[in-house]
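Enquirer: For reference, this is target-v1.csv, and it has CSV, C-alpha atoms.
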```
chain,number,residue,atom,x,y,z
A,1,MET,CA,0.0,0.0,0.0
A,2,GLY,CA,1.3,3.4,-1.0
A,3,ARG,CA,1.4,6.7,0.9
A,4,HIS,CA,-2.0,8.0,1.9
A,5,ILE,CA,-3.6,11.0,3.7
A,6,ASP,CA,-7.1,11.2,5.3
A,7,PHE,CA,-8.2,14.8,5.2
A,8,TYR,CA,-11.0,15.7,7.6
A,9,PHE,CA,-12.4,19.1,6.8
A,10,ASP,CA,-15.4,21.4,6.8
A,11,PHE,CA,-16.3,24.1,4.3
A,12,ALA,CA,-17.3,26.4,7.2
A,13,SER,CA,-13.7,26.3,8.5
A,14,PRO,CA,-11.3,28.9,7.0
A,15,TYR,CA,-8.2,27.0,8.2
A,16,SER,CA,-9.6,23.9,6.3
A,17,TYR,CA,-9.7,26.1,3.2
A,18,LEU,CA,-6.1,27.3,3.7
A,19,ALA,CA,-4.9,23.7,4.2
A,20,SER,CA,-6.9,22.6,1.1
A,21,THR,CA,-4.9,25.0,-1.0
A,22,GLN,CA,-1.6,23.3,0.1
A,23,LEU,CA,-2.7,19.7,0.1
A,24,PRO,CA,-2.3,18.9,-3.6
A,25,ALA,CA,1.4,19.9,-3.6
A,26,LEU,CA,2.1,18.4,-0.2
A,27,ALA,CA,0.4,15.1,-1.1
A,28,ALA,CA,2.1,14.7,-4.5
A,29,GLY,CA,2.5,11.0,-5.1
A,30,ALA,CA,0.2,10.1,-2.2
A,31,THR,CA,-3.5,9.3,-2.3
A,32,VAL,CA,-6.0,11.6,-0.4
A,33,ALA,CA,-9.3,10.6,1.1
A,34,HIS,CA,-11.6,13.6,1.6
A,35,LYS,CA,-13.6,13.3,4.8
A,36,PRO,CA,-16.4,15.8,5.2
A,37,PHE,CA,-18.2,16.1,8.5
A,38,ARG,CA,-20.3,18.5,10.5
A,39,ILE,CA,-17.8,20.5,12.5
A,40,LEU,CA,-20.0,22.1,15.2
A,41,GLU,CA,-21.9,18.8,15.8
A,42,LEU,CA,-18.6,16.9,16.2
A,43,MET,CA,-17.1,19.4,18.5
A,44,LYS,CA,-20.2,19.1,20.8
A,45,MET,CA,-19.8,15.3,20.7
A,46,VAL,CA,-16.3,15.4,22.0
A,47,GLY,CA,-16.6,18.3,24.5
A,48,ASN,CA,-14.7,20.8,22.4
A,49,ARG,CA,-15.9,24.3,21.9
A,50,PRO,CA,-15.7,26.9,19.1
A,51,THR,CA,-13.8,29.4,21.2
A,52,THR,CA,-12.9,31.5,18.1
A,53,ILE,CA,-16.6,32.2,17.8
A,54,GLU,CA,-17.3,32.4,21.5
A,55,SER,CA,-14.4,34.7,22.5
A,56,LYS,CA,-14.4,38.1,20.6
A,57,VAL,CA,-10.7,38.8,21.2
A,58,LYS,CA,-9.8,35.3,20.0
A,59,GLY,CA,-12.0,35.7,16.9
A,60,ARG,CA,-10.5,39.0,16.1
A,61,TYR,CA,-7.0,37.6,16.4
A,62,ALA,CA,-8.0,34.6,14.2
A,63,GLY,CA,-8.9,37.0,11.4
A,64,ILE,CA,-5.4,38.5,11.5
A,65,ASP,CA,-3.8,35.1,11.8
A,66,LEU,CA,-5.7,33.8,8.7
A,67,GLY,CA,-4.5,36.8,6.7
A,68,ARG,CA,-0.9,36.0,7.7
A,69,TRP,CA,-1.3,32.4,6.5
A,70,ALA,CA,-3.0,33.5,3.2
A,71,ALA,CA,0.0,35.9,2.6
A,72,ARG,CA,2.5,33.1,3.4
A,73,TYR,CA,0.8,30.8,1.0
A,74,GLY,CA,0.1,33.4,-1.6
A,75,VAL,CA,-3.6,32.6,-1.8
A,76,LYS,CA,-6.7,34.8,-1.7
A,77,LEU,CA,-8.8,34.6,1.5
A,78,GLN,CA,-11.9,36.7,1.5
A,79,ARG,CA,-15.0,35.6,3.3
A,80,ASN,CA,-17.9,35.2,0.9
A,81,PRO,CA,-20.3,38.1,1.6
A,82,HIS,CA,-23.3,35.7,1.2
A,83,MET,CA,-22.0,33.0,3.5
A,84,ARG,CA,-24.7,33.3,6.2
A,85,GLY,CA,-27.3,32.0,3.7
A,86,PHE,CA,-25.3,29.0,2.5
A,87,ASP,CA,-26.6,25.5,3.0
A,88,PHE,CA,-23.4,24.0,4.4
A,89,ASP,CA,-25.0,20.6,4.9
A,90,ALA,CA,-25.9,20.4,1.2
A,91,LEU,CA,-22.3,21.3,0.4
A,92,ARG,CA,-21.0,18.6,2.7
A,93,ARG,CA,-23.4,16.0,1.2
A,94,GLY,CA,-22.3,17.1,-2.3
A,95,THR,CA,-18.8,16.0,-1.3
A,96,LEU,CA,-20.0,12.5,-0.7
A,97,VAL,CA,-21.6,12.4,-4.1
A,98,ALA,CA,-18.3,13.7,-5.7
A,99,ILE,CA,-16.5,11.0,-3.8
A,100,ASP,CA,-18.8,8.4,-5.3
A,101,LEU,CA,-18.1,9.9,-8.7
A,102,GLY,CA,-14.4,9.6,-8.1
A,103,ARG,CA,-13.8,13.4,-8.3
A,104,ALA,CA,-13.7,14.7,-4.8
A,105,GLN,CA,-10.7,16.9,-5.3
A,106,ALA,CA,-12.3,19.0,-8.1
A,107,TYR,CA,-15.5,19.4,-6.0
A,108,VAL,CA,-13.7,20.3,-2.8
A,109,ASP,CA,-11.4,22.8,-4.5
A,110,ALA,CA,-14.3,24.5,-6.4
A,111,VAL,CA,-16.5,24.8,-3.3
A,112,PHE,CA,-13.7,25.9,-0.9
A,113,HIS,CA,-12.6,28.6,-3.4
A,114,ALA,CA,-16.2,29.9,-3.8
A,115,VAL,CA,-16.8,30.0,0.0
A,116,TRP,CA,-13.5,31.6,1.1
A,117,ALA,CA,-12.2,33.5,-1.9
A,118,GLY,CA,-15.3,34.2,-4.0
A,119,GLU,CA,-18.4,36.4,-4.1
A,120,ARG,CA,-21.0,34.2,-5.8
A,121,ASN,CA,-24.1,33.6,-3.8
A,122,LEU,CA,-24.2,29.8,-3.5
A,123,ALA,CA,-27.5,30.1,-1.6
A,124,GLU,CA,-29.1,30.4,-5.1
A,125,PRO,CA,-29.4,27.0,-6.6
A,126,PRO,CA,-28.6,28.1,-10.2
A,127,VAL,CA,-25.4,29.8,-9.0
A,128,LEU,CA,-24.3,26.7,-7.2
A,129,THR,CA,-25.0,24.4,-10.1
A,130,ALA,CA,-23.2,26.8,-12.5
A,131,LEU,CA,-20.1,26.6,-10.2
A,132,LEU,CA,-20.2,22.8,-10.3
A,133,ASP,CA,-20.8,22.8,-14.1
A,134,GLU,CA,-17.7,24.9,-14.5
A,135,ALA,CA,-15.8,22.4,-12.3
A,136,GLY,CA,-16.7,19.6,-14.8
A,137,PHE,CA,-19.8,18.2,-13.0
A,138,ASP,CA,-23.4,18.0,-14.0
A,139,GLY,CA,-24.2,20.5,-11.2
A,140,SER,CA,-28.0,20.1,-11.0
A,141,ALA,CA,-27.7,16.2,-11.1
A,142,LEU,CA,-25.1,16.3,-8.4
A,143,MET,CA,-27.1,18.5,-6.0
A,144,ALA,CA,-30.3,16.5,-6.7
A,145,ARG,CA,-28.5,13.3,-5.7
A,146,ALA,CA,-27.0,15.1,-2.6
A,147,ALA,CA,-30.5,15.8,-1.5
A,148,GLU,CA,-31.4,12.0,-1.3
A,149,PRO,CA,-31.8,10.9,2.3
A,150,GLY,CA,-29.1,8.3,2.0
A,151,TYR,CA,-26.4,11.0,1.9
A,152,ALA,CA,-27.7,12.8,5.0
A,153,ALA,CA,-27.5,9.5,6.9
A,154,ARG,CA,-24.0,8.9,5.5
A,155,LEU,CA,-22.9,12.4,6.7
A,156,ASP,CA,-24.2,11.5,10.2
A,157,LYS,CA,-22.1,8.4,10.1
A,158,GLU,CA,-19.0,10.2,8.8
A,159,THR,CA,-19.3,12.7,11.6
A,160,GLU,CA,-19.7,10.0,14.3
A,161,ALA,CA,-16.8,8.0,12.8
A,162,ALA,CA,-14.6,11.1,12.9
A,163,ALA,CA,-15.4,11.7,16.5
A,164,GLU,CA,-14.6,8.0,17.3
A,165,ARG,CA,-11.3,8.3,15.6
A,166,GLY,CA,-10.2,11.2,17.8
A,167,VAL,CA,-11.0,14.2,15.5
A,168,PHE,CA,-12.0,17.3,17.6
A,169,GLY,CA,-11.8,20.0,14.9
A,170,ALA,CA,-10.8,20.9,11.4
A,171,PRO,CA,-8.7,20.5,9.5
A,172,THR,CA,-7.4,17.2,10.7
A,173,PHE,CA,-5.0,14.8,8.9
A,174,PHE,CA,-4.2,11.1,9.4
A,175,ILE,CA,-1.1,9.4,8.1
A,176,GLY,CA,-1.9,5.8,9.1
A,177,ASP,CA,-2.8,6.1,12.8
A,178,GLU,CA,-0.9,9.4,13.3
A,179,MET,CA,-3.3,12.3,13.7
A,180,PHE,CA,-2.4,15.9,13.1
A,181,PHE,CA,-4.7,18.9,13.8
A,182,GLY,CA,-4.6,22.2,12.1
A,183,ASN,CA,-3.4,24.0,9.0
A,184,ASP,CA,-0.4,24.9,11.2
A,185,ARG,CA,0.7,21.3,11.4
A,186,LEU,CA,1.1,20.7,7.6
A,187,ASP,CA,4.9,20.6,8.0
A,188,PHE,CA,4.5,17.7,10.5
A,189,VAL,CA,2.1,16.0,8.0
A,190,ALA,CA,4.7,16.4,5.3
A,191,GLY,CA,7.4,14.9,7.6
A,192,ALA,CA,5.2,11.9,8.5
A,193,LEU,CA,4.3,11.3,4.9
A,194,LYS,CA,8.0,11.1,4.0
A,195,THR,CA,8.8,8.5,6.7
A,196,ALA,CA,5.6,6.6,5.7
A,197,ALA,CA,7.0,6.2,2.1
B,198,MET,CA,14.5,52.1,19.9
B,199,GLY,CA,15.8,48.6,19.2
B,200,ARG,CA,14.1,45.4,18.5
B,201,HIS,CA,11.8,44.1,21.3
B,202,ILE,CA,9.6,41.2,22.2
B,203,ASP,CA,6.9,41.1,24.9
B,204,PHE,CA,6.6,37.5,26.0
B,205,TYR,CA,3.3,36.6,27.8
B,206,PHE,CA,3.5,33.2,29.4
B,207,ASP,CA,2.4,31.0,32.3
B,208,PHE,CA,4.3,28.3,34.0
B,209,ALA,CA,1.3,26.0,33.9
B,210,SER,CA,1.3,26.1,30.1
B,211,PRO,CA,3.5,23.5,28.4
B,212,TYR,CA,3.5,25.3,25.1
B,213,SER,CA,4.8,28.4,27.0
B,214,TYR,CA,7.7,26.2,28.2
B,215,LEU,CA,8.4,25.0,24.7
B,216,ALA,CA,8.5,28.6,23.4
B,217,SER,CA,10.7,29.6,26.3
B,218,THR,CA,13.3,27.1,25.2
B,219,GLN,CA,13.5,28.8,21.7
B,220,LEU,CA,13.2,32.4,22.7
B,221,PRO,CA,16.8,33.2,23.6
B,222,ALA,CA,18.1,32.1,20.1
B,223,LEU,CA,15.1,33.7,18.3
B,224,ALA,CA,15.4,37.0,20.2
B,225,ALA,CA,19.2,37.3,19.8
B,226,GLY,CA,20.0,41.0,19.5
B,227,ALA,CA,16.5,41.9,20.7
B,228,THR,CA,15.3,42.8,24.2
B,229,VAL,CA,12.6,40.5,25.9
B,230,ALA,CA,10.1,41.6,28.4
B,231,HIS,CA,8.8,38.7,30.5
B,232,LYS,CA,5.0,39.1,31.2
B,233,PRO,CA,3.7,36.6,33.7
B,234,PHE,CA,-0.1,36.4,34.2
B,235,ARG,CA,-2.8,34.0,35.6
B,236,ILE,CA,-3.8,32.1,32.5
B,237,LEU,CA,-7.1,30.5,33.6
B,238,GLU,CA,-8.3,33.8,35.2
B,239,LEU,CA,-7.4,35.7,32.0
B,240,MET,CA,-9.2,33.1,29.8
B,241,LYS,CA,-12.3,33.5,31.8
B,242,MET,CA,-12.0,37.3,31.5
B,243,VAL,CA,-12.0,37.2,27.7
B,244,GLY,CA,-14.5,34.4,27.2
B,245,ASN,CA,-12.0,31.8,26.1
B,246,ARG,CA,-11.9,28.3,27.5
B,247,PRO,CA,-9.3,25.7,28.3
B,248,THR,CA,-10.6,23.1,25.8
B,249,THR,CA,-7.5,21.0,26.1
B,250,ILE,CA,-8.5,20.4,29.7
B,251,GLU,CA,-12.3,20.2,29.0
B,252,SER,CA,-12.2,17.8,26.0
B,253,LYS,CA,-10.5,14.5,26.7
B,254,VAL,CA,-9.7,13.7,23.1
B,255,LYS,CA,-8.2,17.2,22.6
B,256,GLY,CA,-6.2,16.8,25.7
B,257,ARG,CA,-4.9,13.4,24.6
B,258,TYR,CA,-3.9,14.8,21.2
B,259,ALA,CA,-2.1,17.8,22.9
B,260,GLY,CA,0.1,15.3,24.8
B,261,ILE,CA,1.2,13.8,21.4
B,262,ASP,CA,1.6,17.2,19.8
B,263,LEU,CA,3.8,18.5,22.7
B,264,GLY,CA,6.0,15.4,22.3
B,265,ARG,CA,6.4,16.2,18.6
B,266,TRP,CA,7.5,19.8,19.3
B,267,ALA,CA,9.9,18.7,22.0
B,268,ALA,CA,11.4,16.2,19.5
B,269,ARG,CA,11.7,18.9,16.9
B,270,TYR,CA,13.4,21.3,19.3
B,271,GLY,CA,15.5,18.6,20.8
B,272,VAL,CA,14.4,19.5,24.4
B,273,LYS,CA,13.2,17.4,27.2
B,274,LEU,CA,9.5,17.6,28.1
B,275,GLN,CA,8.3,15.6,31.0
B,276,ARG,CA,5.5,16.8,33.3
B,277,ASN,CA,6.9,17.2,36.8
B,278,PRO,CA,5.3,14.4,38.9
B,279,HIS,CA,4.6,16.7,41.8
B,280,MET,CA,3.0,19.5,39.7
B,281,ARG,CA,-0.4,19.3,41.3
B,282,GLY,CA,1.0,20.5,44.6
B,283,PHE,CA,2.8,23.5,43.1
B,284,ASP,CA,1.9,27.1,44.1
B,285,PHE,CA,1.9,28.5,40.6
B,286,ASP,CA,0.8,31.9,41.9
B,287,ALA,CA,4.0,32.1,44.0
B,288,LEU,CA,6.0,31.1,41.0
B,289,ARG,CA,4.3,33.9,38.9
B,290,ARG,CA,4.9,36.5,41.6
B,291,GLY,CA,8.5,35.3,41.9
B,292,THR,CA,8.9,36.3,38.2
B,293,LEU,CA,7.9,39.9,39.1
B,294,VAL,CA,10.6,39.9,41.8
B,295,ALA,CA,13.2,38.6,39.3
B,296,ILE,CA,12.1,41.3,36.8
B,297,ASP,CA,12.8,43.9,39.6
B,298,LEU,CA,16.2,42.3,40.1
B,299,GLY,CA,16.9,42.6,36.4
B,300,ARG,CA,17.3,38.8,36.0
B,301,ALA,CA,13.9,37.6,34.7
B,302,GLN,CA,15.5,35.3,32.0
B,303,ALA,CA,17.5,33.2,34.6
B,304,TYR,CA,14.4,32.8,36.8
B,305,VAL,CA,12.0,31.9,34.1
B,306,ASP,CA,14.4,29.4,32.5
B,307,ALA,CA,15.1,27.7,35.9
B,308,VAL,CA,11.4,27.5,36.9
B,309,PHE,CA,10.1,26.4,33.4
B,310,HIS,CA,12.8,23.6,33.3
B,311,ALA,CA,11.9,22.4,36.8
B,312,VAL,CA,8.2,22.3,36.0
B,313,TRP,CA,8.2,20.7,32.6
B,314,ALA,CA,11.5,18.8,32.5
B,315,GLY,CA,12.3,18.1,36.1
B,316,GLU,CA,11.3,15.9,39.0
B,317,ARG,CA,12.0,18.1,42.0
B,318,ASN,CA,9.1,18.9,44.3
B,319,LEU,CA,8.8,22.7,44.2
B,320,ALA,CA,5.9,22.4,46.7
B,321,GLU,CA,8.6,22.1,49.4
B,322,PRO,CA,10.0,25.5,50.1
B,323,PRO,CA,13.6,24.3,50.7
B,324,VAL,CA,13.5,22.6,47.3
B,325,LEU,CA,12.3,25.7,45.5
B,326,THR,CA,14.8,28.0,47.2
B,327,ALA,CA,17.6,25.6,46.4
B,328,LEU,CA,16.6,25.7,42.7
B,329,LEU,CA,16.7,29.5,42.8
B,330,ASP,CA,20.0,29.5,44.6
B,331,GLU,CA,21.5,27.3,41.9
B,332,ALA,CA,20.1,29.8,39.3
B,333,GLY,CA,22.2,32.5,41.1
B,334,PHE,CA,19.5,34.1,43.3
B,335,ASP,CA,19.1,34.3,47.0
B,336,GLY,CA,16.2,31.9,46.8
B,337,SER,CA,14.7,32.4,50.2
B,338,ALA,CA,14.9,36.2,50.0
B,339,LEU,CA,13.3,36.1,46.6
B,340,MET,CA,10.4,34.0,47.7
B,341,ALA,CA,9.9,36.0,50.9
B,342,ARG,CA,9.7,39.1,48.8
B,343,ALA,CA,7.3,37.4,46.3
B,344,ALA,CA,4.9,36.8,49.3
B,345,GLU,CA,4.5,40.5,50.0
B,346,PRO,CA,1.0,41.8,49.1
B,347,GLY,CA,2.3,44.3,46.6
B,348,TYR,CA,3.3,41.5,44.2
B,349,ALA,CA,-0.1,39.8,44.3
B,350,ALA,CA,-1.7,43.1,43.4
B,351,ARG,CA,0.8,43.6,40.6
B,352,LEU,CA,0.0,40.1,39.2
B,353,ASP,CA,-3.7,41.1,39.2
B,354,LYS,CA,-2.8,44.2,37.2
B,355,GLU,CA,-0.5,42.3,34.8
B,356,THR,CA,-3.4,39.8,34.1
B,357,GLU,CA,-5.9,42.6,33.5
B,358,ALA,CA,-3.4,44.5,31.3
B,359,ALA,CA,-2.8,41.4,29.2
B,360,ALA,CA,-6.5,40.9,28.7
B,361,GLU,CA,-7.0,44.5,27.7
B,362,ARG,CA,-4.2,44.2,25.2
B,363,GLY,CA,-5.9,41.3,23.5
B,364,VAL,CA,-4.1,38.3,25.0
B,365,PHE,CA,-6.4,35.2,25.3
B,366,GLY,CA,-3.9,32.4,26.0
B,367,ALA,CA,-0.3,31.5,26.4
B,368,PRO,CA,2.3,31.8,25.0
B,369,THR,CA,1.6,35.2,23.3
B,370,PHE,CA,4.2,37.5,21.7
B,371,PHE,CA,4.1,41.1,20.8
B,372,ILE,CA,6.4,42.8,18.3
B,373,GLY,CA,5.2,46.4,18.6
B,374,ASP,CA,1.4,46.2,18.2
B,375,GLU,CA,1.5,42.9,16.3
B,376,MET,CA,0.3,40.0,18.4
B,377,PHE,CA,1.2,36.3,17.8
B,378,PHE,CA,-0.4,33.4,19.8
B,379,GLY,CA,1.2,30.1,20.3
B,380,ASN,CA,4.5,28.2,20.3
B,381,ASP,CA,3.5,27.3,16.7
B,382,ARG,CA,3.8,30.9,15.6
B,383,LEU,CA,7.4,31.5,16.5
B,384,ASP,CA,8.4,31.5,12.8
B,385,PHE,CA,6.0,34.4,12.3
B,386,VAL,CA,7.5,36.1,15.4
B,387,ALA,CA,10.9,35.7,13.9
B,388,GLY,CA,9.7,37.2,10.6
B,389,ALA,CA,8.2,40.2,12.3
B,390,LEU,CA,11.3,40.7,14.3
B,391,LYS,CA,13.4,40.9,11.1
B,392,THR,CA,11.2,43.5,9.5
B,393,ALA,CA,11.1,45.5,12.8
B,394,ALA,CA,14.9,45.7,12.7
```
Could you rewrite the structure in this file as structure tokens?

Expert:
Amino acid sequence: MGRHIDFYFDFASPYSYLASTQLPALAAGATVAHKPFRILELMKMVGNRPTTIESKVKGRYAGIDLGRWAARYGVKLQRNPHMRGFDFDALRRGTLVAIDLGRAQAYVDAVFHAVWAGERNLAEPPVLTALLDEAGFDGSALMARAAEPGYAARLDKETEAAAERGVFGAPTFFIGDEMFFGNDRLDFVAGALKTAA
Amino acid sequence: MGRHIDFYFDFASPYSYLASTQLPALAAGATVAHKPFRILELMKMVGNRPTTIESKVKGRYAGIDLGRWAARYGVKLQRNPHMRGFDFDALRRGTLVAIDLGRAQAYVDAVFHAVWAGERNLAEPPVLTALLDEAGFDGSALMARAAEPGYAARLDKETEAAAERGVFGAPTFFIGDEMFFGNDRLDFVAGALKTAA
């Protein structure tokens, strides 16, 4: 078996977006399994709390910190102005459909970029389907499939499985049984990937 | 005015210990102001929470993560077996005395090493004063002075001032008005220090 990374992420997490911009280069030659889950639900399950939301000073600092990382990576980071209206659960379920289609990476990249570096209103179904069409999907077919009840149940299971495996936030990476939490641990992930080769 | 770092830390914080082992090399040529404060009291003030204590899975991961950083730095990290009995508030006030004596660095290094890499029981006054004697202080005179009420009041003020400046955890660094949180941001601190030169 070759080198492999499990990438646990959530579209609502800006640090997950940052990590997603670096993952293709970091994982070159390795396989990546995309693992969407419901971040706030999982944090409640494991007794963790979204202190960046709860503490104003911590939230303000996180905004500055995110900007520093975006500058370091040379990527755009700009909260989508329509984000409050987004159906994040539909976006998560869409990932599961894209996984079944064998094209998770293209889906995840397109959605992350739209959420954290774009201005399009994904709350409007035609806007979302157009985005996915541009990424090479049949956007309306994908989102129709993501609305089937089986995918909601699968997302429940993915969230529970993440919690059981020790995940307490996003982004989280596994190389074998070694877990790494945070965009700021990508250098450790790269190191573990090398020794796993 | 030359290059300067404000270093906010707490002896109860293992990530503060890790950062303290790197600070002398990182700050070479710069001045360092040591800023002790009561971490749990400050976190409560600013609405932050000690999730590493509250969430078992997060705490378990932190133990692994700390070991990875210790290995990267090549430093010993081994929780002192007597830690539960330590009077952390006295250790914090002792820092203020050492600052007044112009020898904060020697005090902070000795105490951090004893707490996070040693086995001596600092709950016993003769053991603590011996440690400080070895670090070049008059240990019993220092601790007697740290017990004066003025130092407790000053620690209150230091904690409030830290919260007012935007600190929400430890370790935290300031280069001018730029704040950096976490042992894992030392590379950003080093970068800011260069451009501040």

Enquirer: Residues at most 12 Å from A:Gly139, counting all atoms listed in the file, excluding those fewer than 4 positions away in the same chain, as a PDB file with C-alpha atoms, keeping the file's coordinate frame?

Expert:
```
ATOM      1  CA  LEU A  91     -22.300  21.300   0.400  1.00  0.00           C
ATOM      2  CA  GLY A  94     -22.300  17.100  -2.300  1.00  0.00           C
ATOM      3  CA  VAL A  97     -21.600  12.400  -4.100  1.00  0.00           C
ATOM      4  CA  ALA A  98     -18.300  13.700  -5.700  1.00  0.00           C
ATOM      5  CA  TYR A 107     -15.500  19.400  -6.000  1.00  0.00           C
ATOM      6  CA  ALA A 110     -14.300  24.500  -6.400  1.00  0.00           C
ATOM      7  CA  VAL A 111     -16.500  24.800  -3.300  1.00  0.00           C
ATOM      8  CA  PRO A 125     -29.400  27.000  -6.600  1.00  0.00           C
ATOM      9  CA  PRO A 126     -28.600  28.100 -10.200  1.00  0.00           C
ATOM     10  CA  VAL A 127     -25.400  29.800  -9.000  1.00  0.00           C
ATOM     11  CA  LEU A 128     -24.300  26.700  -7.200  1.00  0.00           C
ATOM     12  CA  THR A 129     -25.000  24.400 -10.100  1.00  0.00           C
ATOM     13  CA  ALA A 130     -23.200  26.800 -12.500  1.00  0.00           C
ATOM     14  CA  LEU A 131     -20.100  26.600 -10.200  1.00  0.00           C
ATOM     15  CA  LEU A 132     -20.200  22.800 -10.300  1.00  0.00           C
ATOM     16  CA  ASP A 133     -20.800  22.800 -14.100  1.00  0.00           C
ATOM     17  CA  GLU A 134     -17.700  24.900 -14.500  1.00  0.00           C
ATOM     18  CA  ALA A 135     -15.800  22.400 -12.300  1.00  0.00           C
ATOM     19  CA  MET A 143     -27.100  18.500  -6.000  1.00  0.00           C
ATOM     20  CA  ALA A 144     -30.300  16.500  -6.700  1.00  0.00           C
ATOM     21  CA  ARG A 145     -28.500  13.300  -5.700  1.00  0.00           C
ATOM     22  CA  ALA A 146     -27.000  15.100  -2.600  1.00  0.00           C
TER      23      ALA A 146
END
```

Enquirer: Write out, as a Markdown table, each residue of chain B that has an atom at most 10 Å from chain A, together with the closest pair of atoms and their distance in Å to one decimal, counting all atoms listed in the file, rows going by chain and rising number.

Expert:
```
| residue | atom | partner | partner_atom | distance |
| --- | --- | --- | --- | --- |
| B:Met240 | CA | A:Ser55 | CA | 9.1 |
| B:Lys241 | CA | A:Ser55 | CA | 9.6 |
| B:Met242 | CA | A:Ser55 | CA | 9.7 |
| B:Val243 | CA | A:Ser55 | CA | 6.2 |
| B:Gly244 | CA | A:Ser55 | CA | 4.7 |
| B:Asn245 | CA | A:Ser55 | CA | 5.2 |
| B:Arg246 | CA | A:Thr51 | CA | 6.7 |
| B:Pro247 | CA | A:Thr51 | CA | 9.2 |
| B:Thr248 | CA | A:Asn48 | CA | 5.8 |
| B:Thr249 | CA | A:Asn48 | CA | 8.1 |
| B:Ile250 | CA | A:Asn48 | CA | 9.6 |
| B:Glu251 | CA | A:Gly47 | CA | 6.5 |
| B:Ser252 | CA | A:Gly47 | CA | 4.7 |
| B:Lys253 | CA | A:Gly47 | CA | 7.5 |
| B:Val254 | CA | A:Gly166 | CA | 5.9 |
| B:Lys255 | CA | A:Phe168 | CA | 6.3 |
| B:Gly256 | CA | A:Asn48 | CA | 10.0 |
| B:Arg257 | CA | A:Gly166 | CA | 8.9 |
| B:Tyr258 | CA | A:Met179 | CA | 7.9 |
| B:Ala259 | CA | A:Phe181 | CA | 9.5 |
| B:Ile261 | CA | A:Met179 | CA | 9.0 |
| B:Asp262 | CA | A:Phe180 | CA | 7.9 |
| B:Arg265 | CA | A:Phe188 | CA | 8.5 |
| B:Trp266 | CA | A:Phe188 | CA | 9.5 |
| B:Arg269 | CA | A:Phe188 | CA | 9.7 |
| B:Ala360 | CA | A:Val57 | CA | 8.8 |
| B:Glu361 | CA | A:Val57 | CA | 9.4 |
| B:Arg362 | CA | A:Val57 | CA | 9.3 |
| B:Gly363 | CA | A:Val57 | CA | 5.9 |
| B:Val364 | CA | A:Val57 | CA | 7.6 |
| B:Phe365 | CA | A:Lys58 | CA | 6.3 |
| B:Gly366 | CA | A:Lys58 | CA | 8.9 |
| B:Glu375 | CA | A:Ile64 | CA | 9.5 |
| B:Met376 | CA | A:Tyr61 | CA | 7.9 |
| B:Phe377 | CA | A:Asp65 | CA | 7.9 |
| B:Phe378 | CA | A:Tyr61 | CA | 8.5 |
| B:Asp381 | CA | A:Asp184 | CA | 7.2 |
| B:Arg382 | CA | A:Asp184 | CA | 8.5 |
| B:Phe385 | CA | A:Arg68 | CA | 8.4 |
```

Enquirer: Counting only C-alpha atoms, I want the residues whose atoms come within 12 Å of (15.9, 32.8, 24.7) in the file frame, returned as number ranges by chain.

Expert: B: 202, 204, 214-231, 301-303, 305-306, 383

Enquirer: Go ahead and compute the interatomic distance for atom CA of A:Lys194 and atom CA of B:Ala267, in Å to one decimal.

Expert: 19.6 Å

Enquirer: My list of candidates is B:Ile296, B:Ala349, B:Ala209, B:Leu263. Which is closest to B:Arg281 when distances are computed with only C-alpha atoms?

Expert: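 That would be B:Ala209, the residue with the smallest distance to B:Arg281.
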
Enquirer: What is the distance, in Å and to one decimal place, between atom CA of B:Ala320 and atom CA of B:Leu274?

Expert: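 Distance between the two atoms: 19.5 Å.
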
Enquirer: Calculate how many Å separate atom CA of A:Pro36 from atom CA of A:Glu158, rounding to one decimal.

Expert: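 Atom-to-atom, atom CA of A:Pro36 and atom CA of A:Glu158 are spaced 7.1 Å apart.
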
Enquirer: Would you list the contacts of B:His279 as an MDAnalysis selection string, taking every protein, DNA or RNA residue within 9 Å and counting only C-alpha atoms, but skipping same-chain residues closer than 2 positions in sequence?

Expert: chainID B and resid 276:277 281:283 312 316:320

Enquirer: Closest to B:Val386 among B:Pro368, B:Gly260, B:Gly333, B:Gly271, using only C-alpha atoms?

Expert: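 Using only C-alpha atoms, B:Val386 sits closest to B:Pro368.
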
Enquirer: Which residues come within 10 Å of B:Arg351, counting all atoms listed in the file, excluding same-chain residues fewer than 5 positions away, as a PDB file with C-alpha atoms, in the frame of the given file?

Expert:
```pdb
ATOM      1  CA  PHE B 234      -0.100  36.400  34.200  1.00  0.00           C
ATOM      2  CA  ARG B 290       4.900  36.500  41.600  1.00  0.00           C
ATOM      3  CA  LEU B 293       7.900  39.900  39.100  1.00  0.00           C
ATOM      4  CA  PRO B 346       1.000  41.800  49.100  1.00  0.00           C
ATOM      5  CA  THR B 356      -3.400  39.800  34.100  1.00  0.00           C
ATOM      6  CA  GLU B 357      -5.900  42.600  33.500  1.00  0.00           C
TER       7      GLU B 357
END
```

Enquirer: Of the residues B:Ile372, B:Ser210, B:Leu239, B:Thr292, which is the one nearest to B:Ala358, using all atoms listed in the file?

Expert: B:Leu239
